[in-house]
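Peer 1: Contents of run01.pdb (PDB, C-alpha atoms and all ligand atoms) are given next:
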ATOM      1  CA  MET A   1      -8.093  57.760-183.153  1.00  0.00           C
ATOM      2  CA  LYS A   2      -5.057  55.500-183.459  1.00  0.00           C
ATOM      3  CA  TYR A   3      -6.459  53.089-186.024  1.00  0.00           C
ATOM      4  CA  SER A   4      -8.588  53.409-189.102  1.00  0.00           C
ATOM      5  CA  LEU A   5     -11.942  51.996-188.057  1.00  0.00           C
ATOM      6  CA  SER A   6     -13.285  52.258-191.574  1.00  0.00           C
ATOM      7  CA  GLU A   7     -10.421  50.202-193.014  1.00  0.00           C
ATOM      8  CA  LEU A   8     -10.729  47.607-190.295  1.00  0.00           C
ATOM      9  CA  SER A   9     -14.492  47.343-190.878  1.00  0.00           C
ATOM     10  CA  GLU A  10     -13.905  47.007-194.602  1.00  0.00           C
ATOM     11  CA  ILE A  11     -11.432  44.178-194.132  1.00  0.00           C
ATOM     12  CA  ILE A  12     -13.776  42.370-191.744  1.00  0.00           C
ATOM     13  CA  GLU A  13     -16.820  42.774-193.981  1.00  0.00           C
ATOM     14  CA  ASN A  14     -15.021  42.048-197.231  1.00  0.00           C
ATOM     15  CA  ARG A  15     -13.284  38.884-196.081  1.00  0.00           C
ATOM     16  CA  ARG A  16     -14.782  36.231-198.346  1.00  0.00           C
ATOM     17  CA  THR A  17     -14.485  32.558-199.009  1.00  0.00           C
ATOM     18  CA  ILE A  18     -12.845  32.099-202.389  1.00  0.00           C
ATOM     19  CA  PHE A  19     -12.605  28.467-203.496  1.00  0.00           C
ATOM     20  CA  PRO A  20      -9.498  26.881-205.084  1.00  0.00           C
ATOM     21  CA  GLU A  21     -11.420  26.456-208.345  1.00  0.00           C
ATOM     22  CA  GLN A  22     -11.448  30.277-208.447  1.00  0.00           C
ATOM     23  CA  PHE A  23      -7.683  30.673-207.944  1.00  0.00           C
ATOM     24  CA  SER A  24      -5.457  32.146-210.629  1.00  0.00           C
ATOM     25  CA  GLU A  25      -2.011  30.878-211.641  1.00  0.00           C
ATOM     26  CA  ARG A  26      -0.322  33.618-209.605  1.00  0.00           C
ATOM     27  CA  LYS A  27       1.499  32.227-206.594  1.00  0.00           C
ATOM     28  CA  VAL A  28       1.417  33.457-203.014  1.00  0.00           C
ATOM     29  CA  GLN A  29       4.910  33.902-201.600  1.00  0.00           C
ATOM     30  CA  LYS A  30       6.277  32.145-198.517  1.00  0.00           C
ATOM     31  CA  GLU A  31       6.846  35.548-196.875  1.00  0.00           C
ATOM     32  CA  GLN A  32       3.128  36.286-197.181  1.00  0.00           C
ATOM     33  CA  VAL A  33       2.260  32.963-195.575  1.00  0.00           C
ATOM     34  CA  GLU A  34       4.657  33.816-192.767  1.00  0.00           C
ATOM     35  CA  ARG A  35       2.849  37.128-192.292  1.00  0.00           C
ATOM     36  CA  LEU A  36      -0.400  35.215-191.928  1.00  0.00           C
ATOM     37  CA  ILE A  37       1.058  32.840-189.362  1.00  0.00           C
ATOM     38  CA  ASN A  38       2.518  35.775-187.465  1.00  0.00           C
ATOM     39  CA  ALA A  39      -0.944  37.365-187.401  1.00  0.00           C
ATOM     40  CA  ALA A  40      -2.421  34.081-186.148  1.00  0.00           C
ATOM     41  CA  LYS A  41      -0.251  33.938-183.058  1.00  0.00           C
ATOM     42  CA  TRP A  42      -1.659  37.192-181.693  1.00  0.00           C
ATOM     43  CA  ALA A  43      -5.059  35.626-181.090  1.00  0.00           C
ATOM     44  CA  PRO A  44      -6.199  35.565-177.476  1.00  0.00           C
ATOM     45  CA  ASN A  45      -5.583  32.245-175.739  1.00  0.00           C
ATOM     46  CA  HIS A  46      -6.275  31.247-172.151  1.00  0.00           C
ATOM     47  CA  ARG A  47      -3.138  30.785-170.028  1.00  0.00           C
ATOM     48  CA  LEU A  48      -1.116  31.508-173.159  1.00  0.00           C
ATOM     49  CA  THR A  49      -1.130  27.855-174.146  1.00  0.00           C
ATOM     50  CA  GLN A  50      -0.837  28.840-177.837  1.00  0.00           C
ATOM     51  CA  PRO A  51      -2.728  25.690-178.826  1.00  0.00           C
ATOM     52  CA  TRP A  52      -2.607  26.240-182.598  1.00  0.00           C
ATOM     53  CA  ARG A  53      -0.469  24.023-184.806  1.00  0.00           C
ATOM     54  CA  PHE A  54       0.037  24.858-188.468  1.00  0.00           C
ATOM     55  CA  THR A  55       1.341  22.433-191.067  1.00  0.00           C
ATOM     56  CA  ILE A  56       2.060  24.265-194.285  1.00  0.00           C
ATOM     57  CA  PHE A  57       2.188  22.614-197.671  1.00  0.00           C
ATOM     58  CA  MET A  58       3.742  24.561-200.534  1.00  0.00           C
ATOM     59  CA  GLU A  59       5.473  23.685-203.797  1.00  0.00           C
ATOM     60  CA  ASN A  60       6.309  19.921-203.789  1.00  0.00           C
ATOM     61  CA  GLY A  61       4.483  19.578-200.489  1.00  0.00           C
ATOM     62  CA  LEU A  62       1.182  20.340-202.213  1.00  0.00           C
ATOM     63  CA  LYS A  63       1.331  17.295-204.500  1.00  0.00           C
ATOM     64  CA  GLU A  64       2.401  15.178-201.553  1.00  0.00           C
ATOM     65  CA  PHE A  65      -0.549  16.414-199.504  1.00  0.00           C
ATOM     66  CA  GLY A  66      -2.982  16.094-202.408  1.00  0.00           C
ATOM     67  CA  ASP A  67      -1.888  12.496-203.007  1.00  0.00           C
ATOM     68  CA  PHE A  68      -2.108  11.664-199.328  1.00  0.00           C
ATOM     69  CA  HIS A  69      -5.551  13.215-198.897  1.00  0.00           C
ATOM     70  CA  SER A  70      -7.118  11.827-202.077  1.00  0.00           C
ATOM     71  CA  ASN A  71      -5.710   8.335-201.453  1.00  0.00           C
ATOM     72  CA  LEU A  72      -6.909   8.425-197.870  1.00  0.00           C
ATOM     73  CA  TYR A  73     -10.367   9.343-199.140  1.00  0.00           C
ATOM     74  CA  LYS A  74     -10.284   6.373-201.527  1.00  0.00           C
ATOM     75  CA  GLU A  75      -9.061   4.017-198.841  1.00  0.00           C
ATOM     76  CA  LYS A  76     -11.701   5.019-196.294  1.00  0.00           C
ATOM     77  CA  LYS A  77     -14.738   4.971-198.558  1.00  0.00           C
ATOM     78  CA  SER A  78     -16.584   1.862-199.570  1.00  0.00           C
ATOM     79  CA  GLU A  79     -17.063   1.223-203.264  1.00  0.00           C
ATOM     80  CA  ALA A  80     -20.621   2.540-202.992  1.00  0.00           C
ATOM     81  CA  GLU A  81     -19.566   5.702-201.186  1.00  0.00           C
ATOM     82  CA  PHE A  82     -16.544   6.491-203.362  1.00  0.00           C
ATOM     83  CA  SER A  83     -16.906   9.288-205.891  1.00  0.00           C
ATOM     84  CA  GLN A  84     -14.244   9.761-208.545  1.00  0.00           C
ATOM     85  CA  MET A  85     -15.341  13.388-208.817  1.00  0.00           C
ATOM     86  CA  LYS A  86     -14.655  13.974-205.139  1.00  0.00           C
ATOM     87  CA  PHE A  87     -11.303  12.184-205.395  1.00  0.00           C
ATOM     88  CA  ASP A  88     -10.297  14.420-208.315  1.00  0.00           C
ATOM     89  CA  LYS A  89     -11.539  17.518-206.501  1.00  0.00           C
ATOM     90  CA  ILE A  90      -9.432  16.789-203.418  1.00  0.00           C
ATOM     91  CA  LEU A  91      -6.330  16.301-205.564  1.00  0.00           C
ATOM     92  CA  ASN A  92      -7.023  19.243-207.853  1.00  0.00           C
ATOM     93  CA  ARG A  93      -7.551  21.646-204.957  1.00  0.00           C
ATOM     94  CA  ALA A  94      -4.052  20.848-203.738  1.00  0.00           C
ATOM     95  CA  MET A  95      -2.573  21.302-207.200  1.00  0.00           C
ATOM     96  CA  VAL A  96      -4.114  24.741-207.818  1.00  0.00           C
ATOM     97  CA  SER A  97      -3.355  26.199-204.380  1.00  0.00           C
ATOM     98  CA  SER A  98      -0.255  28.211-203.560  1.00  0.00           C
ATOM     99  CA  ALA A  99      -0.351  26.888-200.028  1.00  0.00           C
ATOM    100  CA  ILE A 100      -2.508  24.702-197.834  1.00  0.00           C
ATOM    101  CA  ILE A 101      -2.312  25.192-194.115  1.00  0.00           C
ATOM    102  CA  VAL A 102      -3.725  22.340-192.079  1.00  0.00           C
ATOM    103  CA  VAL A 103      -4.788  23.721-188.727  1.00  0.00           C
ATOM    104  CA  GLY A 104      -4.480  21.600-185.615  1.00  0.00           C
ATOM    105  CA  VAL A 105      -5.420  22.254-182.020  1.00  0.00           C
ATOM    106  CA  SER A 106      -3.200  20.797-179.354  1.00  0.00           C
ATOM    107  CA  LYS A 107      -4.731  19.876-176.012  1.00  0.00           C
ATOM    108  CA  ASP A 108      -3.316  21.630-172.972  1.00  0.00           C
ATOM    109  CA  SER A 109      -1.214  19.000-171.183  1.00  0.00           C
ATOM    110  CA  THR A 110      -1.813  20.500-167.731  1.00  0.00           C
ATOM    111  CA  GLY A 111      -5.560  20.050-168.175  1.00  0.00           C
ATOM    112  CA  LYS A 112      -6.152  23.549-166.819  1.00  0.00           C
ATOM    113  CA  VAL A 113      -7.639  24.969-169.999  1.00  0.00           C
ATOM    114  CA  PRO A 114     -10.889  23.381-171.227  1.00  0.00           C
ATOM    115  CA  PHE A 115     -10.493  22.063-174.762  1.00  0.00           C
ATOM    116  CA  VAL A 116     -13.362  24.220-175.990  1.00  0.00           C
ATOM    117  CA  GLU A 117     -11.206  27.245-175.176  1.00  0.00           C
ATOM    118  CA  GLU A 118      -8.270  25.850-177.140  1.00  0.00           C
ATOM    119  CA  LEU A 119     -10.626  25.378-180.092  1.00  0.00           C
ATOM    120  CA  ALA A 120     -11.971  28.907-179.683  1.00  0.00           C
ATOM    121  CA  ALA A 121      -8.466  30.398-179.504  1.00  0.00           C
ATOM    122  CA  THR A 122      -7.400  28.546-182.648  1.00  0.00           C
ATOM    123  CA  ALA A 123     -10.517  29.666-184.512  1.00  0.00           C
ATOM    124  CA  ALA A 124      -9.638  33.243-183.542  1.00  0.00           C
ATOM    125  CA  ALA A 125      -6.120  32.635-184.902  1.00  0.00           C
ATOM    126  CA  VAL A 126      -7.585  31.430-188.191  1.00  0.00           C
ATOM    127  CA  GLN A 127      -9.712  34.567-188.404  1.00  0.00           C
ATOM    128  CA  ASN A 128      -6.576  36.681-187.929  1.00  0.00           C
ATOM    129  CA  MET A 129      -5.080  34.867-190.909  1.00  0.00           C
ATOM    130  CA  ALA A 130      -8.217  35.337-192.977  1.00  0.00           C
ATOM    131  CA  LEU A 131      -8.221  39.077-192.285  1.00  0.00           C
ATOM    132  CA  MET A 132      -4.533  39.417-193.129  1.00  0.00           C
ATOM    133  CA  ALA A 133      -5.134  37.444-196.335  1.00  0.00           C
ATOM    134  CA  THR A 134      -7.963  39.837-197.210  1.00  0.00           C
ATOM    135  CA  ALA A 135      -5.666  42.822-196.665  1.00  0.00           C
ATOM    136  CA  PHE A 136      -3.172  41.182-199.083  1.00  0.00           C
ATOM    137  CA  GLY A 137      -5.983  40.606-201.626  1.00  0.00           C
ATOM    138  CA  LEU A 138      -5.501  36.848-201.361  1.00  0.00           C
ATOM    139  CA  ALA A 139      -8.085  34.138-201.884  1.00  0.00           C
ATOM    140  CA  PHE A 140      -8.646  32.188-198.678  1.00  0.00           C
ATOM    141  CA  TYR A 141     -10.842  29.161-198.103  1.00  0.00           C
ATOM    142  CA  TRP A 142     -11.386  27.386-194.784  1.00  0.00           C
ATOM    143  CA  GLY A 143     -12.523  23.901-195.729  1.00  0.00           C
ATOM    144  CA  THR A 144     -13.364  20.880-193.637  1.00  0.00           C
ATOM    145  CA  GLY A 145     -14.267  18.442-196.376  1.00  0.00           C
ATOM    146  CA  GLY A 146     -12.799  15.098-197.369  1.00  0.00           C
ATOM    147  CA  MET A 147     -10.925  13.382-194.569  1.00  0.00           C
ATOM    148  CA  THR A 148     -10.151  16.549-192.591  1.00  0.00           C
ATOM    149  CA  TYR A 149     -11.433  15.085-189.348  1.00  0.00           C
ATOM    150  CA  SER A 150      -9.922  11.617-189.703  1.00  0.00           C
ATOM    151  CA  ASP A 151      -7.358  10.189-187.264  1.00  0.00           C
ATOM    152  CA  GLU A 152      -5.056   9.675-190.240  1.00  0.00           C
ATOM    153  CA  MET A 153      -5.074  13.422-190.988  1.00  0.00           C
ATOM    154  CA  LYS A 154      -4.272  14.067-187.358  1.00  0.00           C
ATOM    155  CA  SER A 155      -1.270  11.797-187.374  1.00  0.00           C
ATOM    156  CA  TYR A 156      -0.182  13.047-190.836  1.00  0.00           C
ATOM    157  CA  ILE A 157       0.337  16.504-189.377  1.00  0.00           C
ATOM    158  CA  GLY A 158       1.931  15.103-186.254  1.00  0.00           C
ATOM    159  CA  LEU A 159      -0.913  16.031-183.930  1.00  0.00           C
ATOM    160  CA  GLU A 160      -1.463  14.023-180.755  1.00  0.00           C
ATOM    161  CA  LYS A 161      -4.470  11.673-180.656  1.00  0.00           C
ATOM    162  CA  ASP A 162      -6.360  13.947-178.264  1.00  0.00           C
ATOM    163  CA  GLY A 163      -5.850  16.990-180.492  1.00  0.00           C
ATOM    164  CA  GLN A 164      -8.255  18.208-183.148  1.00  0.00           C
ATOM    165  CA  VAL A 165      -7.867  19.161-186.791  1.00  0.00           C
ATOM    166  CA  LEU A 166      -9.864  22.359-187.319  1.00  0.00           C
ATOM    167  CA  GLY A 167      -9.638  22.568-191.077  1.00  0.00           C
ATOM    168  CA  GLN A 168      -7.550  23.172-194.145  1.00  0.00           C
ATOM    169  CA  LEU A 169      -6.822  26.699-195.300  1.00  0.00           C
ATOM    170  CA  PHE A 170      -6.378  27.005-199.052  1.00  0.00           C
ATOM    171  CA  LEU A 171      -4.479  30.047-200.264  1.00  0.00           C
ATOM    172  CA  GLY A 172      -4.085  31.555-203.678  1.00  0.00           C
ATOM    173  CA  TYR A 173      -4.803  34.655-205.713  1.00  0.00           C
ATOM    174  CA  PRO A 174      -8.357  35.118-206.995  1.00  0.00           C
ATOM    175  CA  ALA A 175      -8.954  34.724-210.725  1.00  0.00           C
ATOM    176  CA  ILE A 176     -12.409  36.233-210.238  1.00  0.00           C
ATOM    177  CA  ASP A 177     -13.690  39.641-209.188  1.00  0.00           C
ATOM    178  CA  TRP A 178     -13.778  39.927-205.412  1.00  0.00           C
ATOM    179  CA  PRO A 179     -17.015  38.172-204.370  1.00  0.00           C
ATOM    180  CA  ARG A 180     -20.016  40.093-203.202  1.00  0.00           C
ATOM    181  CA  LYS A 181     -20.979  39.932-199.546  1.00  0.00           C
ATOM    182  CA  THR A 182     -22.678  36.795-198.283  1.00  0.00           C
ATOM    183  CA  PRO A 183     -25.877  37.540-196.312  1.00  0.00           C
ATOM    184  CA  ARG A 184     -25.901  38.275-192.615  1.00  0.00           C
ATOM    185  CA  LYS A 185     -28.925  38.954-190.410  1.00  0.00           C
ATOM    186  CA  PRO A 186     -29.352  42.318-188.678  1.00  0.00           C
ATOM    187  CA  ILE A 187     -27.966  42.103-185.148  1.00  0.00           C
ATOM    188  CA  GLU A 188     -31.455  42.138-183.602  1.00  0.00           C
ATOM    189  CA  TYR A 189     -31.807  38.484-184.668  1.00  0.00           C
ATOM    190  CA  PHE A 190     -29.059  37.245-182.389  1.00  0.00           C
ATOM    191  CA  THR A 191     -28.728  39.917-179.766  1.00  0.00           C
ATOM    192  CA  ASP A 192     -30.467  40.283-176.444  1.00  0.00           C
ATOM    193  CA  TRP A 193     -29.746  43.647-174.814  1.00  0.00           C
ATOM    194  CA  ARG A 194     -30.479  43.785-171.104  1.00  0.00           C
ATOM    195  CA  VAL A 195     -29.911  47.374-170.139  1.00  0.00           C
TER     196      VAL A 195
HETATM  197  C1  LIG B   1     -15.194  25.999-189.511  1.00  0.00           C
HETATM  198  C2  LIG B   1     -15.570  26.230-190.930  1.00  0.00           C
HETATM  199  C3  LIG B   1     -15.637  25.175-191.806  1.00  0.00           C
HETATM  200  C4  LIG B   1     -15.991  25.352-193.147  1.00  0.00           C
HETATM  201  N1  LIG B   1     -16.029  24.284-193.986  1.00  0.00           N
HETATM  202  C5  LIG B   1     -16.447  24.452-195.259  1.00  0.00           C
HETATM  203  C6  LIG B   1     -16.527  23.341-196.141  1.00  0.00           C
HETATM  204  O1  LIG B   1     -16.135  22.221-195.796  1.00  0.00           O
HETATM  205  N2  LIG B   1     -17.022  23.557-197.383  1.00  0.00           N
HETATM  206  C7  LIG B   1     -17.420  24.797-197.808  1.00  0.00           C
HETATM  207  O2  LIG B   1     -17.864  24.925-198.944  1.00  0.00           O
HETATM  208  N3  LIG B   1     -17.291  25.882-197.013  1.00  0.00           N
HETATM  209  C8  LIG B   1     -16.819  25.736-195.740  1.00  0.00           C
HETATM  210  N4  LIG B   1     -16.689  26.839-194.927  1.00  0.00           N
HETATM  211  C9  LIG B   1     -16.865  28.193-195.483  1.00  0.00           C
HETATM  212  C10 LIG B   1     -18.282  28.665-195.352  1.00  0.00           C
HETATM  213  O3  LIG B   1     -19.092  27.960-196.258  1.00  0.00           O
HETATM  214  C11 LIG B   1     -18.329  30.180-195.647  1.00  0.00           C
HETATM  215  O4  LIG B   1     -17.621  30.856-194.655  1.00  0.00           O
HETATM  216  C12 LIG B   1     -19.762  30.697-195.701  1.00  0.00           C
HETATM  217  O5  LIG B   1     -20.390  30.241-196.859  1.00  0.00           O
HETATM  218  C13 LIG B   1     -19.855  32.213-195.679  1.00  0.00           C
HETATM  219  O6  LIG B   1     -19.185  32.771-196.779  1.00  0.00           O
HETATM  220  P1  LIG B   1     -18.041  33.863-196.540  1.00  0.00           P
HETATM  221  O7  LIG B   1     -16.898  33.157-195.847  1.00  0.00           O
HETATM  222  O8  LIG B   1     -17.661  34.315-197.921  1.00  0.00           O
HETATM  223  O9  LIG B   1     -18.625  34.944-195.713  1.00  0.00           O
HETATM  224  C14 LIG B   1     -16.307  26.665-193.606  1.00  0.00           C
HETATM  225  C15 LIG B   1     -16.242  27.745-192.712  1.00  0.00           C
HETATM  226  C16 LIG B   1     -15.867  27.544-191.383  1.00  0.00           C
HETATM  227  C17 LIG B   1     -15.780  28.706-190.448  1.00  0.00           C
END
Would you mind writing the structure in this file as structure tokens?
Ligand SMILES: Cc1cc2nc3c(=O)[nH]c(=O)nc-3n(C[C@H](O)[C@H](O)[C@H](O)COP(=O)(O)O)c2cc1C

Peer 2:
Amino acid sequence: MKYSLSELSEIIENRRTIFPEQFSERKVQKEQVERLINAAKWAPNHRLTQPWRFTIFMENGLKEFGDFHSNLYKEKKSEAEFSQMKFDKILNRAMVSSAIIVVGVSKDSTGKVPFVEELAATAAAVQNMALMATAFGLAFYWGTGGMTYSDEMKSYIGLEKDGQVLGQLFLGYPAIDWPRKTPRKPIEYFTDWRV
């Protein structure tokens, strides 16, 4: 056997969402983020369109992004909808992260690849990153809250109007023990064998 199946299974099963509130002070290095992005690009993608777009905020970029996102939230919400707690949370999450990667999906300009496939390929790329982060022992959180799906977020990361923001990836080191597994159903629940 060329690869360690048990290690691969462990990484897959032990990948966990770890929220920015659970990050320690320790900082993830740029080289590690590059390793994640390099893992992302090996995801399968139809016609090799490589539809993923990654905008990475680190160091000063984090405050810039946190200010942009929290202010956008304030601007877009009515007085009744606005929550100071949510505003603070959006800003704080940027301040405690080592890196935030905003993930965009670019539409295939030839129109030959259905957009759903570009979304699927980019989600696979994100999973590659999550698994690599797990192997590094990093905290990784794929979040879609706040104004993730707004047109303003799209243009902030330089994505075309017909593209799609798929989420924000928050990276750090965990300050907590590695979380226990979240529940999954036995495969019989979602599998139909026709043999
Ligand atoms: C596309 C996508 C969007 C998500 N958005 C959020 C989110 O906005 N807020 C949140 O708390 N978790 C979000 N999550 C994380 C899930 O809540 C998490 O994966 C789930 O609870 C299972 O936990 P695990 O990742 O530790 O297995 C998102 C996950 C995916 C795949």

Peer 1: Taking all atoms listed in the file into account, name the residue in A:Val165, A:Gly137, A:Met95, A:Phe65 that is nearest to Asp177 of chain A.

Peer 2: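 For Asp177 of chain A, the nearest of the candidates is A:Gly137.
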
Peer 1: Evaluating the PyMOL selection byres (((chain A and resi 128) around 8) and not hetatm) on the displayed file yields which residues, as a PyMOL selection string?

Peer 2: chain A and resi 36+39-40+42-43+124-127+129-132

Peer 1: Where does chain A meet ligand LIG 1 (chain B) within 9 Å, residue by residue, with the nearest atom pair and distance in Å to one decimal for each, counting all atoms listed in the file, listed by chain and rising number, as a tab-separated table?

Peer 2:
residue	atom	partner	partner_atom	distance
A:Glu13	CA	B:LIG1	O9	8.2
A:Asn14	CA	B:LIG1	O9	8.1
A:Arg15	CA	B:LIG1	O8	6.6
A:Arg16	CA	B:LIG1	O8	3.5
A:Thr17	CA	B:LIG1	O8	3.8
A:Ile18	CA	B:LIG1	O8	6.9
A:Phe19	CA	B:LIG1	O2	7.8
A:Ala123	CA	B:LIG1	C1	7.8
A:Val126	CA	B:LIG1	C17	8.9
A:Gln127	CA	B:LIG1	C17	8.7
A:Phe140	CA	B:LIG1	O7	8.8
A:Tyr141	CA	B:LIG1	C9	6.6
A:Trp142	CA	B:LIG1	C14	5.1
A:Gly143	CA	B:LIG1	N1	3.9
A:Thr144	CA	B:LIG1	O1	3.8
A:Gly145	CA	B:LIG1	O1	4.3
A:Gly146	CA	B:LIG1	O1	8.0
A:Thr148	CA	B:LIG1	O1	8.8
A:Leu166	CA	B:LIG1	C1	6.8
A:Gly167	CA	B:LIG1	C3	6.6
A:Gln168	CA	B:LIG1	N1	8.6
A:Pro179	CA	B:LIG1	O8	7.5
A:Arg180	CA	B:LIG1	O8	8.2
A:Lys181	CA	B:LIG1	O9	6.7
A:Thr182	CA	B:LIG1	O9	5.1
A:Pro183	CA	B:LIG1	O9	7.7
A:Arg184	CA	B:LIG1	O9	8.6

Peer 1: Looking at A:Ala121, A:Ala99, A:Val105, A:Ala135, which one is nearest to Gly61 of chain A, with distances taken over all atoms listed in the file?

Peer 2: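 Selected residue with least distance to Gly61 of chain A: A:Ala99.
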
Peer 1: Evaluating the PyMOL selection byres (((chain A and resi 28) around 9) and not hetatm) on the displayed file yields which residues, as a ChimeraX atom specification?

Peer 2: /A:26-27,29-33,97-99,138,171-173

Peer 1: So, with only C-alpha atoms as the atoms that count, which of A:Ala80, A:Leu169, A:Ala133, A:Leu8 lies closest to Gly104 of chain A?

Peer 2: A:Leu169

Peer 1: Please, what distance in Å, to one decimal, runs between atom CA of Asp162 of chain A and atom CA of Val102 of chain A?

Peer 2: 16.4 Å

Peer 1: Using only C-alpha atoms, which residues sit within 12 Å of Lys112 of chain A once same-chain residues fewer than 4 positions away are excluded, as a list in words?

Peer 2: His46, Arg47, Leu48, Thr49, Lys107, Asp108, Val116, Glu117 and Glu118 of chain A

Peer 1: Nearest to Ile11 of chain A: which of A:Ser78, A:Ser24, A:Thr134, A:Gln50 is it, counting all atoms listed in the file?

Peer 2: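 The answer is A:Thr134, which sits nearest to Ile11 of chain A.
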
Peer 1: Could you tell me how far atom CA of Asp67 of chain A lies from atom CA of Lys89 of chain A, in Å and to one decimal?

Peer 2: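 A separation of 11.4 Å between them.
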
Peer 1: Closest to Lys76 of chain A among A:Asn38, A:Ser150, A:Gln164, A:Ser155, using all atoms listed in the file?

Peer 2: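 Of A:Asn38, A:Ser150, A:Gln164, A:Ser155, the one nearest Lys76 of chain A, counting all atoms listed in the file, is A:Ser150.
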
Peer 1: For Pro20 of chain A, list every protein, DNA or RNA residue within 7 Å, evaluated using all atoms listed in the file, and leave out those in the same chain fewer than 6 positions away; present the list as a PyMOL selection string.

Peer 2: chain A and resi 93+96-97+170

Peer 1: Rounded to one decimal in Å, what is the spacing between atom CA of Leu119 of chain A and atom CA of Phe136 of chain A?

Peer 2: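 Taking atom CA of Leu119 of chain A and atom CA of Phe136 of chain A, their separation equals 25.8 Å.
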
Peer 1: Show me, as a PyMOL selection string, the residues that have an atom within 12 Å of Tyr73 of chain A when counting all atoms listed in the file, minus same-chain residues fewer than 4 positions from it.

Peer 2: chain A and resi 66-69+77-79+81-91+145-150+152-153

Peer 1: When you count all atoms listed in the file, which of these residues is closest to Ala175 of chain A: A:Ile37, A:Ser109, A:Pro114, A:Ala139?

Peer 2: A:Ala139

Peer 1: Once 3 Å is added on each side, what centre and edge lengths in Å to one decimal does the axis-aligned box around all listed atoms of segment 153-172 of chain A have, as AutoDock Vina command-line options?

Peer 2:
--center_x -4.0 --center_y 21.6 --center_z -191.0 --size_x 17.8 --size_y 25.9 --size_z 31.4

Peer 1: Using the structure block above, produce a file of segment 10-50 of chain A that contains C-alpha atoms, as an mmCIF file, in the first residue's frame.

Peer 2:
data_model
loop_
_atom_site.group_PDB
_atom_site.id
_atom_site.type_symbol
_atom_site.label_atom_id
_atom_site.label_comp_id
_atom_site.auth_asym_id
_atom_site.auth_seq_id
_atom_site.Cartn_x
_atom_site.Cartn_y
_atom_site.Cartn_z
ATOM 1 C CA GLU A 10 -7.843 9.939 10.963
ATOM 2 C CA ILE A 11 -7.303 13.290 9.285
ATOM 3 C CA ILE A 12 -10.686 13.101 7.557
ATOM 4 C CA GLU A 13 -12.551 12.078 10.705
ATOM 5 C CA ASN A 14 -10.717 14.434 13.033
ATOM 6 C CA ARG A 15 -11.108 17.548 10.911
ATOM 7 C CA ARG A 16 -13.216 19.809 13.116
ATOM 8 C CA THR A 17 -14.680 23.255 13.082
ATOM 9 C CA ILE A 18 -12.818 25.352 15.624
ATOM 10 C CA PHE A 19 -14.214 28.867 16.029
ATOM 11 C CA PRO A 20 -12.076 32.042 16.247
ATOM 12 C CA GLU A 21 -13.202 32.514 19.855
ATOM 13 C CA GLN A 22 -11.274 29.284 20.536
ATOM 14 C CA PHE A 23 -8.033 30.450 18.887
ATOM 15 C CA SER A 24 -4.854 30.959 20.879
ATOM 16 C CA GLU A 25 -2.396 33.843 20.497
ATOM 17 C CA ARG A 26 -0.035 31.659 18.457
ATOM 18 C CA LYS A 27 0.143 32.759 14.840
ATOM 19 C CA VAL A 28 -0.070 30.631 11.716
ATOM 20 C CA GLN A 29 2.774 31.371 9.315
ATOM 21 C CA LYS A 30 2.372 32.562 5.726
ATOM 22 C CA GLU A 31 4.214 29.439 4.522
ATOM 23 C CA GLN A 32 1.543 27.270 6.143
ATOM 24 C CA VAL A 33 -1.204 29.246 4.430
ATOM 25 C CA GLU A 34 0.632 28.750 1.152
ATOM 26 C CA ARG A 35 0.690 25.004 1.804
ATOM 27 C CA LEU A 36 -3.071 25.099 2.246
ATOM 28 C CA ILE A 37 -3.599 27.007 -0.984
ATOM 29 C CA ASN A 38 -1.302 24.597 -2.790
ATOM 30 C CA ALA A 39 -3.408 21.709 -1.470
ATOM 31 C CA ALA A 40 -6.568 23.488 -2.647
ATOM 32 C CA LYS A 41 -5.487 23.656 -6.264
ATOM 33 C CA TRP A 42 -5.313 19.875 -6.582
ATOM 34 C CA ALA A 43 -9.076 19.539 -6.260
ATOM 35 C CA PRO A 44 -10.833 18.035 -9.263
ATOM 36 C CA ASN A 45 -12.365 20.619 -11.587
ATOM 37 C CA HIS A 46 -14.213 20.115 -14.853
ATOM 38 C CA ARG A 47 -12.277 21.262 -17.935
ATOM 39 C CA LEU A 48 -9.551 22.449 -15.573
ATOM 40 C CA THR A 49 -11.196 25.836 -15.199
ATOM 41 C CA GLN A 50 -9.666 26.206 -11.707
#
